[in-house]
>>> print(open('protein.tsv').read())   # TSV, C-alpha atoms
chain	number	residue	atom	x	y	z
W	205	MET	CA	0.76	96.49	2.63
W	206	SER	CA	-0.03	94.98	6.01
W	207	THR	CA	1.73	91.86	7.18
W	208	LYS	CA	-1.58	89.93	7.10
W	209	ALA	CA	-2.08	90.84	3.43
W	210	PHE	CA	1.57	90.02	2.68
W	211	LYS	CA	1.20	86.60	4.30
W	212	ASN	CA	-2.02	85.94	2.38
W	213	ASP	CA	-0.27	86.86	-0.88
W	214	LYS	CA	2.65	84.58	-0.02
W	215	VAL	CA	0.27	81.67	0.75
W	216	ALA	CA	-1.56	82.31	-2.53
W	217	LEU	CA	1.76	82.29	-4.41
W	218	ILE	CA	2.79	78.97	-2.85
W	219	LYS	CA	-0.66	77.48	-3.62
W	220	GLU	CA	-0.35	78.62	-7.24
W	221	LYS	CA	3.02	76.89	-7.58
W	222	ILE	CA	1.76	73.74	-5.85
W	223	ASP	CA	-1.24	73.52	-8.19
W	224	LYS	CA	1.09	73.47	-11.22
W	225	ALA	CA	3.83	71.32	-9.70
W	226	GLN	CA	4.53	67.69	-10.57
W	227	VAL	CA	7.10	67.38	-7.78
W	228	ALA	CA	8.07	69.38	-4.69
W	229	ILE	CA	11.48	68.94	-3.07
W	230	VAL	CA	12.13	70.34	0.40
W	231	SER	CA	15.71	71.35	1.07
W	232	GLU	CA	17.69	73.10	3.74
W	233	TYR	CA	19.30	76.33	2.60
W	234	GLN	CA	21.20	77.34	5.73
W	235	GLY	CA	24.64	78.71	4.90
W	236	LEU	CA	23.70	79.83	1.38
W	237	SER	CA	24.09	83.46	0.37
W	238	VAL	CA	21.38	85.33	-1.50
W	239	GLU	CA	23.59	85.18	-4.59
W	240	GLU	CA	23.87	81.37	-4.34
W	241	ILE	CA	20.12	80.97	-3.82
W	242	THR	CA	19.48	83.19	-6.86
W	243	LYS	CA	21.91	81.14	-8.94
W	244	LEU	CA	20.17	77.90	-7.88
W	245	ARG	CA	16.74	79.41	-8.59
W	246	ARG	CA	17.86	80.42	-12.12
W	247	GLU	CA	19.24	76.93	-12.73
W	248	ILE	CA	15.96	75.29	-11.70
W	249	GLN	CA	13.92	77.83	-13.69
W	250	LYS	CA	15.88	76.92	-16.85
W	251	ASP	CA	14.40	73.42	-16.60
W	252	GLY	CA	10.84	74.62	-16.03
W	253	GLY	CA	10.72	74.76	-12.25
W	254	ASP	CA	11.12	77.19	-9.38
W	255	TYR	CA	12.91	77.45	-6.04
W	256	MET	CA	11.29	79.31	-3.19
W	257	VAL	CA	12.49	80.12	0.31
W	258	THR	CA	9.43	80.23	2.55
W	259	LYS	CA	8.28	80.27	6.14
W	260	ASN	CA	7.20	76.85	7.37
W	261	THR	CA	3.84	78.02	8.73
W	262	LEU	CA	2.91	79.67	5.41
W	263	ALA	CA	3.96	76.57	3.46
W	264	LYS	CA	1.92	74.33	5.78
W	265	ILE	CA	-1.16	76.51	5.23
W	266	ALA	CA	-0.62	76.46	1.45
W	267	ILE	CA	-0.19	72.67	1.15
W	268	LYS	CA	-3.19	71.83	3.32
W	269	GLY	CA	-5.68	69.78	1.30
W	270	THR	CA	-3.27	69.15	-1.61
W	271	PRO	CA	-1.32	66.01	-2.59
W	272	TYR	CA	1.75	67.76	-1.11
W	273	GLU	CA	0.27	67.79	2.40
W	274	VAL	CA	2.50	64.77	3.10
W	275	LEU	CA	5.41	67.25	3.30
W	276	ALA	CA	3.97	68.99	6.39
W	277	GLU	CA	6.09	66.91	8.79
W	278	THR	CA	9.32	67.82	6.97
W	279	LEU	CA	8.78	71.58	7.12
W	280	LYS	CA	11.06	72.34	10.07
W	281	GLY	CA	13.94	74.77	10.31
W	282	PRO	CA	15.16	77.00	7.47
W	283	ILE	CA	13.73	75.36	4.35
W	284	ALA	CA	13.18	76.09	0.70
W	285	ILE	CA	11.00	74.21	-1.76
W	286	ALA	CA	11.99	73.36	-5.32
W	287	PHE	CA	9.04	72.83	-7.64
W	288	GLY	CA	9.11	70.94	-10.93
W	289	PHE	CA	6.37	71.99	-13.33
W	290	ASN	CA	7.37	70.18	-16.55
W	291	ASP	CA	9.66	67.44	-15.33
W	292	GLN	CA	9.91	65.56	-12.02
W	293	VAL	CA	13.62	64.82	-12.40
W	294	ALA	CA	15.07	68.19	-13.50
W	295	PRO	CA	14.71	70.09	-10.18
W	296	ALA	CA	16.15	67.13	-8.25
W	297	LYS	CA	19.12	67.00	-10.65
W	298	ALA	CA	19.76	70.75	-10.38
W	299	LEU	CA	19.46	70.73	-6.59
W	300	SER	CA	21.71	67.68	-6.17
W	301	LYS	CA	24.34	69.13	-8.50
W	302	PHE	CA	24.27	72.44	-6.65
W	303	ILE	CA	24.63	70.74	-3.25
W	304	LYS	CA	27.47	68.58	-4.56
W	305	ASP	CA	29.30	71.58	-6.07
W	306	THR	CA	28.88	73.99	-3.12
W	307	LYS	CA	28.80	71.42	-0.31
W	308	LYS	CA	26.04	73.54	1.25
W	309	GLY	CA	22.42	72.68	1.90
W	310	GLU	CA	20.74	69.32	2.00
W	311	ILE	CA	17.71	67.61	0.48
W	312	ILE	CA	15.27	66.77	3.28
W	313	ALA	CA	12.37	65.11	1.43
W	314	ALA	CA	10.21	65.28	-1.68
W	315	ALA	CA	6.63	64.62	-2.67
W	316	MET	CA	5.39	63.30	-5.97
W	317	ASP	CA	1.91	62.04	-6.86
W	318	GLY	CA	0.81	62.42	-3.23
W	319	LYS	CA	3.60	60.16	-1.98
W	320	LEU	CA	6.30	61.28	0.44
W	321	LEU	CA	9.83	60.47	-0.69
W	322	SER	CA	12.67	60.27	1.81
W	323	ALA	CA	15.90	62.20	1.32
W	324	ALA	CA	17.55	59.09	-0.15
W	325	GLU	CA	14.64	58.55	-2.57
W	326	ALA	CA	14.74	62.23	-3.59
W	327	LYS	CA	18.47	61.93	-4.27
W	328	ALA	CA	17.81	58.75	-6.28
W	329	LEU	CA	15.28	60.75	-8.31
W	330	ALA	CA	18.18	62.99	-9.35
W	331	ASN	CA	20.02	59.98	-10.79
W	332	LEU	CA	17.18	59.08	-13.15
W	333	PRO	CA	17.59	60.05	-16.81
W	334	SER	CA	15.74	63.15	-17.99
W	335	LYS	CA	12.64	63.00	-20.19
W	336	GLU	CA	14.71	63.74	-23.28
W	337	GLU	CA	17.11	60.89	-22.50
W	338	LEU	CA	14.21	58.49	-21.92
W	339	TYR	CA	12.58	59.56	-25.20
W	340	ALA	CA	15.86	59.01	-27.06
W	341	LYS	CA	16.27	55.54	-25.54
W	342	MET	CA	12.67	54.65	-26.33
W	343	LEU	CA	13.02	55.81	-29.94
W	344	GLY	CA	16.26	53.85	-30.22
W	345	CYS	CA	14.46	50.71	-29.05
W	346	ILE	CA	11.62	51.31	-31.49
W	347	ASN	CA	14.00	52.13	-34.35
W	348	SER	CA	16.33	49.17	-33.75
W	349	PRO	CA	14.06	46.37	-35.10
W	350	ALA	CA	13.04	48.49	-38.09
W	351	SER	CA	16.66	49.19	-39.05
W	352	GLY	CA	17.52	45.52	-38.53
W	353	ILE	CA	14.77	44.51	-40.97
W	354	ALA	CA	15.85	47.20	-43.46
W	355	ASN	CA	19.47	46.03	-43.27
W	356	SER	CA	18.41	42.38	-43.76
W	357	VAL	CA	16.28	43.21	-46.79
W	358	ASN	CA	19.09	45.37	-48.16
W	359	ALA	CA	21.61	42.51	-47.68
W	360	VAL	CA	19.32	40.05	-49.49
W	361	MET	CA	18.81	42.49	-52.37
W	362	SER	CA	22.58	43.15	-52.60
W	363	SER	CA	23.29	39.40	-52.70
W	364	LEU	CA	20.66	38.94	-55.44
W	365	VAL	CA	22.16	41.77	-57.53
W	366	ARG	CA	25.69	40.30	-57.14
W	367	ALA	CA	24.43	36.84	-58.12
W	368	VAL	CA	22.66	38.19	-61.24
W	369	ALA	CA	25.78	40.19	-62.16
W	370	ALA	CA	27.96	37.08	-61.75
W	371	VAL	CA	25.61	35.05	-64.00
W	372	ARG	CA	25.65	37.85	-66.58
W	373	ASP	CA	29.48	38.00	-66.52
W	374	GLN	CA	29.68	34.22	-66.85
W	375	LYS	CA	27.37	34.15	-69.92
W	376	GLN	CA	29.31	36.98	-71.60
W	377	ALA	CA	32.60	35.13	-71.19
>>> encode(input="protein.tsv", output="structure tokens")
Amino acid sequence: MSTKAFKNDKVALIKEKIDKAQVAIVSEYQGLSVEEITKLRREIQKDGGDYMVTKNTLAKIAIKGTPYEVLAETLKGPIAIAFGFNDQVAPAKALSKFIKDTKKGEIIAAAMDGKLLSAAEAKALANLPSKEELYAKMLGCINSPASGIANSVNAVMSSLVRAVAAVRDQKQA
């Protein structure tokens, strides 16, 4: 395969990932071994994302005309892009945890909904609760008033039963 065809395939692959992505996080990977990059990629893939080391020029061509075009300025030096397909928070969490554990690499920027996020904002994204946690909290909030009403009705019914039992015991005596 010629290098031109290889580059076209690589651009097409990046475009395909960008079309599906809900978030793209640009990170520096310098100092990471192939084994470490593979481990990080597997971790991000578990949460429905992907991690791709790419050439800056190919990435710039692929993001042209997409909501992720705002990342063009951040594509400098040795970079990799983490994509989140199902969840915006999961790849940021996995990347932040990996950087914290290995003390290698750095988050440069992110893009979500056509908006450029700084490195600090991308790191803050990692501190947000996951979708599952948010769903659990929301269900807890919805369930709380209903269980409060059920407990109140149950307490009233219990009091009524005790009162009727006390009257019955008093009349039998």
>>> residues_around(input="protein.tsv", residues="Leu236 of chain W", least_positions_apart="3", cutoff="12 Å", atoms="only C-alpha atoms", output="PyMOL selection string")
chain W and resi 231-233+239-244+257+282-284+302-303+306-310
>>> residues_around(input="protein.tsv", residues="segment 258-274 of chain W", least_positions_apart="4", cutoff="8 Å", atoms="only C-alpha atoms", output="list in words")
Lys211, Lys214, Val215, Ala216, Ile218, Lys219, Ile222, Ala228, Leu279, Lys280, Gly281, Pro282, Ile283, Ala284, Ile285, Ala315, Met316, Asp317, Gly318, Lys319 and Leu320 of chain W
>>> closest_residue(input="protein.tsv", among="W:Ala296, W:Ile353, W:Ala286, W:Leu343", to="Ala225 of chain W", atoms="all atoms listed in the file")
W:Ala286
>>> atom_distance(input="protein.tsv", atom1="atom CA of Ala369 of chain W", atom2="atom CA of Val357 of chain W")
18.3 Å
>>> residues_near_point(input="protein.tsv", point="(15.5, 60.3, -17.1)", cutoff="10 Å", atoms="all atoms listed in the file", output="JSON, numbers by chain")
{"W": [291, 292, 293, 294, 297, 329, 330, 331, 332, 333, 334, 335, 336, 337, 338, 339, 341]}
>>> closest_residue(input="protein.tsv", among="W:Leu321, W:Ile312, W:Met342, W:Ile229", to="Gly288 of chain W", atoms="all atoms listed in the file")
W:Ile229
>>> closest_residue(input="protein.tsv", among="W:Glu277, W:Asp213, W:Glu220, W:Glu247", to="Ser300 of chain W", atoms="only C-alpha atoms")
W:Glu247
>>> closest_residue(input="protein.tsv", among="W:Asp251, W:Phe287, W:Ser348, W:Gln234", to="Lys221 of chain W", atoms="only C-alpha atoms")
W:Phe287
>>> atom_distance(input="protein.tsv", atom1="atom CA of Lys224 of chain W", atom2="atom CA of Gln249 of chain W")
13.8 Å
>>> atom_distance(input="protein.tsv", atom1="atom CA of Asp305 of chain W", atom2="atom CA of Leu275 of chain W")
26.0 Å
>>> decode(input="protein.tsv", residues="segment 302-334 of chain W", atoms="N, CA and C atoms", output="PDB file, in the first residue's frame")
ATOM      1  N   PHE W 302      -4.923   7.253  34.602  1.00  0.00           N
ATOM      2  CA  PHE W 302      -3.691   6.717  34.039  1.00  0.00           C
ATOM      3  C   PHE W 302      -2.531   7.695  34.240  1.00  0.00           C
ATOM      4  N   ILE W 303      -2.755   8.965  33.966  1.00  0.00           N
ATOM      5  CA  ILE W 303      -1.714   9.985  34.132  1.00  0.00           C
ATOM      6  C   ILE W 303      -1.302  10.094  35.595  1.00  0.00           C
ATOM      7  N   LYS W 304      -2.286  10.029  36.478  1.00  0.00           N
ATOM      8  CA  LYS W 304      -1.996  10.119  37.918  1.00  0.00           C
ATOM      9  C   LYS W 304      -1.178   8.911  38.388  1.00  0.00           C
ATOM     10  N   ASP W 305      -1.536   7.718  37.899  1.00  0.00           N
ATOM     11  CA  ASP W 305      -0.849   6.490  38.313  1.00  0.00           C
ATOM     12  C   ASP W 305       0.571   6.398  37.754  1.00  0.00           C
ATOM     13  N   THR W 306       0.742   6.748  36.465  1.00  0.00           N
ATOM     14  CA  THR W 306       2.045   6.580  35.821  1.00  0.00           C
ATOM     15  C   THR W 306       2.917   7.829  35.898  1.00  0.00           C
ATOM     16  N   LYS W 307       2.295   8.965  36.184  1.00  0.00           N
ATOM     17  CA  LYS W 307       2.995  10.254  36.195  1.00  0.00           C
ATOM     18  C   LYS W 307       3.669  10.526  34.851  1.00  0.00           C
ATOM     19  N   LYS W 308       3.006  10.054  33.781  1.00  0.00           N
ATOM     20  CA  LYS W 308       3.478  10.278  32.412  1.00  0.00           C
ATOM     21  C   LYS W 308       2.323  10.795  31.587  1.00  0.00           C
ATOM     22  N   GLY W 309       2.641  11.662  30.629  1.00  0.00           N
ATOM     23  CA  GLY W 309       1.608  12.206  29.757  1.00  0.00           C
ATOM     24  C   GLY W 309       0.918  13.395  30.397  1.00  0.00           C
ATOM     25  N   GLU W 310       0.073  14.026  29.622  1.00  0.00           N
ATOM     26  CA  GLU W 310      -0.627  15.213  30.105  1.00  0.00           C
ATOM     27  C   GLU W 310      -1.828  15.481  29.215  1.00  0.00           C
ATOM     28  N   ILE W 311      -2.927  15.905  29.815  1.00  0.00           N
ATOM     29  CA  ILE W 311      -4.099  16.309  29.044  1.00  0.00           C
ATOM     30  C   ILE W 311      -3.840  17.729  28.539  1.00  0.00           C
ATOM     31  N   ILE W 312      -4.005  17.936  27.247  1.00  0.00           N
ATOM     32  CA  ILE W 312      -3.751  19.247  26.647  1.00  0.00           C
ATOM     33  C   ILE W 312      -5.043  20.035  26.514  1.00  0.00           C
ATOM     34  N   ALA W 313      -6.085  19.408  25.977  1.00  0.00           N
ATOM     35  CA  ALA W 313      -7.374  20.079  25.766  1.00  0.00           C
ATOM     36  C   ALA W 313      -8.417  19.023  25.432  1.00  0.00           C
ATOM     37  N   ALA W 314      -9.658  19.474  25.321  1.00  0.00           N
ATOM     38  CA  ALA W 314     -10.751  18.580  24.923  1.00  0.00           C
ATOM     39  C   ALA W 314     -11.764  19.393  24.138  1.00  0.00           C
ATOM     40  N   ALA W 315     -12.617  18.697  23.434  1.00  0.00           N
ATOM     41  CA  ALA W 315     -13.711  19.345  22.717  1.00  0.00           C
ATOM     42  C   ALA W 315     -14.972  18.529  22.943  1.00  0.00           C
ATOM     43  N   MET W 316     -16.050  19.265  23.207  1.00  0.00           N
ATOM     44  CA  MET W 316     -17.336  18.624  23.441  1.00  0.00           C
ATOM     45  C   MET W 316     -18.410  19.577  22.941  1.00  0.00           C
ATOM     46  N   ASP W 317     -19.332  19.079  22.143  1.00  0.00           N
ATOM     47  CA  ASP W 317     -20.421  19.886  21.592  1.00  0.00           C
ATOM     48  C   ASP W 317     -19.900  21.119  20.852  1.00  0.00           C
ATOM     49  N   GLY W 318     -18.780  20.982  20.152  1.00  0.00           N
ATOM     50  CA  GLY W 318     -18.228  22.082  19.378  1.00  0.00           C
ATOM     51  C   GLY W 318     -17.537  23.151  20.196  1.00  0.00           C
ATOM     52  N   LYS W 319     -17.341  22.887  21.491  1.00  0.00           N
ATOM     53  CA  LYS W 319     -16.708  23.869  22.373  1.00  0.00           C
ATOM     54  C   LYS W 319     -15.349  23.339  22.812  1.00  0.00           C
ATOM     55  N   LEU W 320     -14.348  24.204  22.762  1.00  0.00           N
ATOM     56  CA  LEU W 320     -13.006  23.845  23.195  1.00  0.00           C
ATOM     57  C   LEU W 320     -12.922  23.953  24.709  1.00  0.00           C
ATOM     58  N   LEU W 321     -12.425  22.909  25.339  1.00  0.00           N
ATOM     59  CA  LEU W 321     -12.218  22.901  26.786  1.00  0.00           C
ATOM     60  C   LEU W 321     -10.720  22.965  27.061  1.00  0.00           C
ATOM     61  N   SER W 322     -10.333  23.792  28.001  1.00  0.00           N
ATOM     62  CA  SER W 322      -8.922  23.885  28.370  1.00  0.00           C
ATOM     63  C   SER W 322      -8.502  22.610  29.098  1.00  0.00           C
ATOM     64  N   ALA W 323      -7.210  22.509  29.386  1.00  0.00           N
ATOM     65  CA  ALA W 323      -6.709  21.342  30.111  1.00  0.00           C
ATOM     66  C   ALA W 323      -7.366  21.236  31.480  1.00  0.00           C
ATOM     67  N   ALA W 324      -7.518  22.380  32.157  1.00  0.00           N
ATOM     68  CA  ALA W 324      -8.146  22.382  33.481  1.00  0.00           C
ATOM     69  C   ALA W 324      -9.610  21.944  33.394  1.00  0.00           C
ATOM     70  N   GLU W 325     -10.323  22.405  32.371  1.00  0.00           N
ATOM     71  CA  GLU W 325     -11.727  22.017  32.203  1.00  0.00           C
ATOM     72  C   GLU W 325     -11.842  20.535  31.851  1.00  0.00           C
ATOM     73  N   ALA W 326     -10.901  20.033  31.060  1.00  0.00           N
ATOM     74  CA  ALA W 326     -10.905  18.604  30.710  1.00  0.00           C
ATOM     75  C   ALA W 326     -10.638  17.756  31.948  1.00  0.00           C
ATOM     76  N   LYS W 327      -9.742  18.231  32.817  1.00  0.00           N
ATOM     77  CA  LYS W 327      -9.470  17.502  34.058  1.00  0.00           C
ATOM     78  C   LYS W 327     -10.683  17.566  34.988  1.00  0.00           C
ATOM     79  N   ALA W 328     -11.378  18.703  34.987  1.00  0.00           N
ATOM     80  CA  ALA W 328     -12.597  18.833  35.798  1.00  0.00           C
ATOM     81  C   ALA W 328     -13.681  17.885  35.284  1.00  0.00           C
ATOM     82  N   LEU W 329     -13.702  17.663  33.986  1.00  0.00           N
ATOM     83  CA  LEU W 329     -14.646  16.711  33.387  1.00  0.00           C
ATOM     84  C   LEU W 329     -14.444  15.323  33.983  1.00  0.00           C
ATOM     85  N   ALA W 330     -13.200  14.986  34.281  1.00  0.00           N
ATOM     86  CA  ALA W 330     -12.885  13.678  34.873  1.00  0.00           C
ATOM     87  C   ALA W 330     -13.416  13.543  36.292  1.00  0.00           C
ATOM     88  N   ASN W 331     -13.649  14.662  36.965  1.00  0.00           N
ATOM     89  CA  ASN W 331     -14.151  14.613  38.344  1.00  0.00           C
ATOM     90  C   ASN W 331     -15.671  14.522  38.421  1.00  0.00           C
ATOM     91  N   LEU W 332     -16.346  14.666  37.292  1.00  0.00           N
ATOM     92  CA  LEU W 332     -17.806  14.545  37.284  1.00  0.00           C
ATOM     93  C   LEU W 332     -18.211  13.091  37.513  1.00  0.00           C
ATOM     94  N   PRO W 333     -19.379  12.875  38.101  1.00  0.00           N
ATOM     95  CA  PRO W 333     -19.841  11.484  38.259  1.00  0.00           C
ATOM     96  C   PRO W 333     -20.201  10.880  36.905  1.00  0.00           C
ATOM     97  N   SER W 334     -20.108   9.565  36.806  1.00  0.00           N
ATOM     98  CA  SER W 334     -20.446   8.875  35.559  1.00  0.00           C
ATOM     99  C   SER W 334     -21.957   8.885  35.345  1.00  0.00           C
TER     100      SER W 334
END
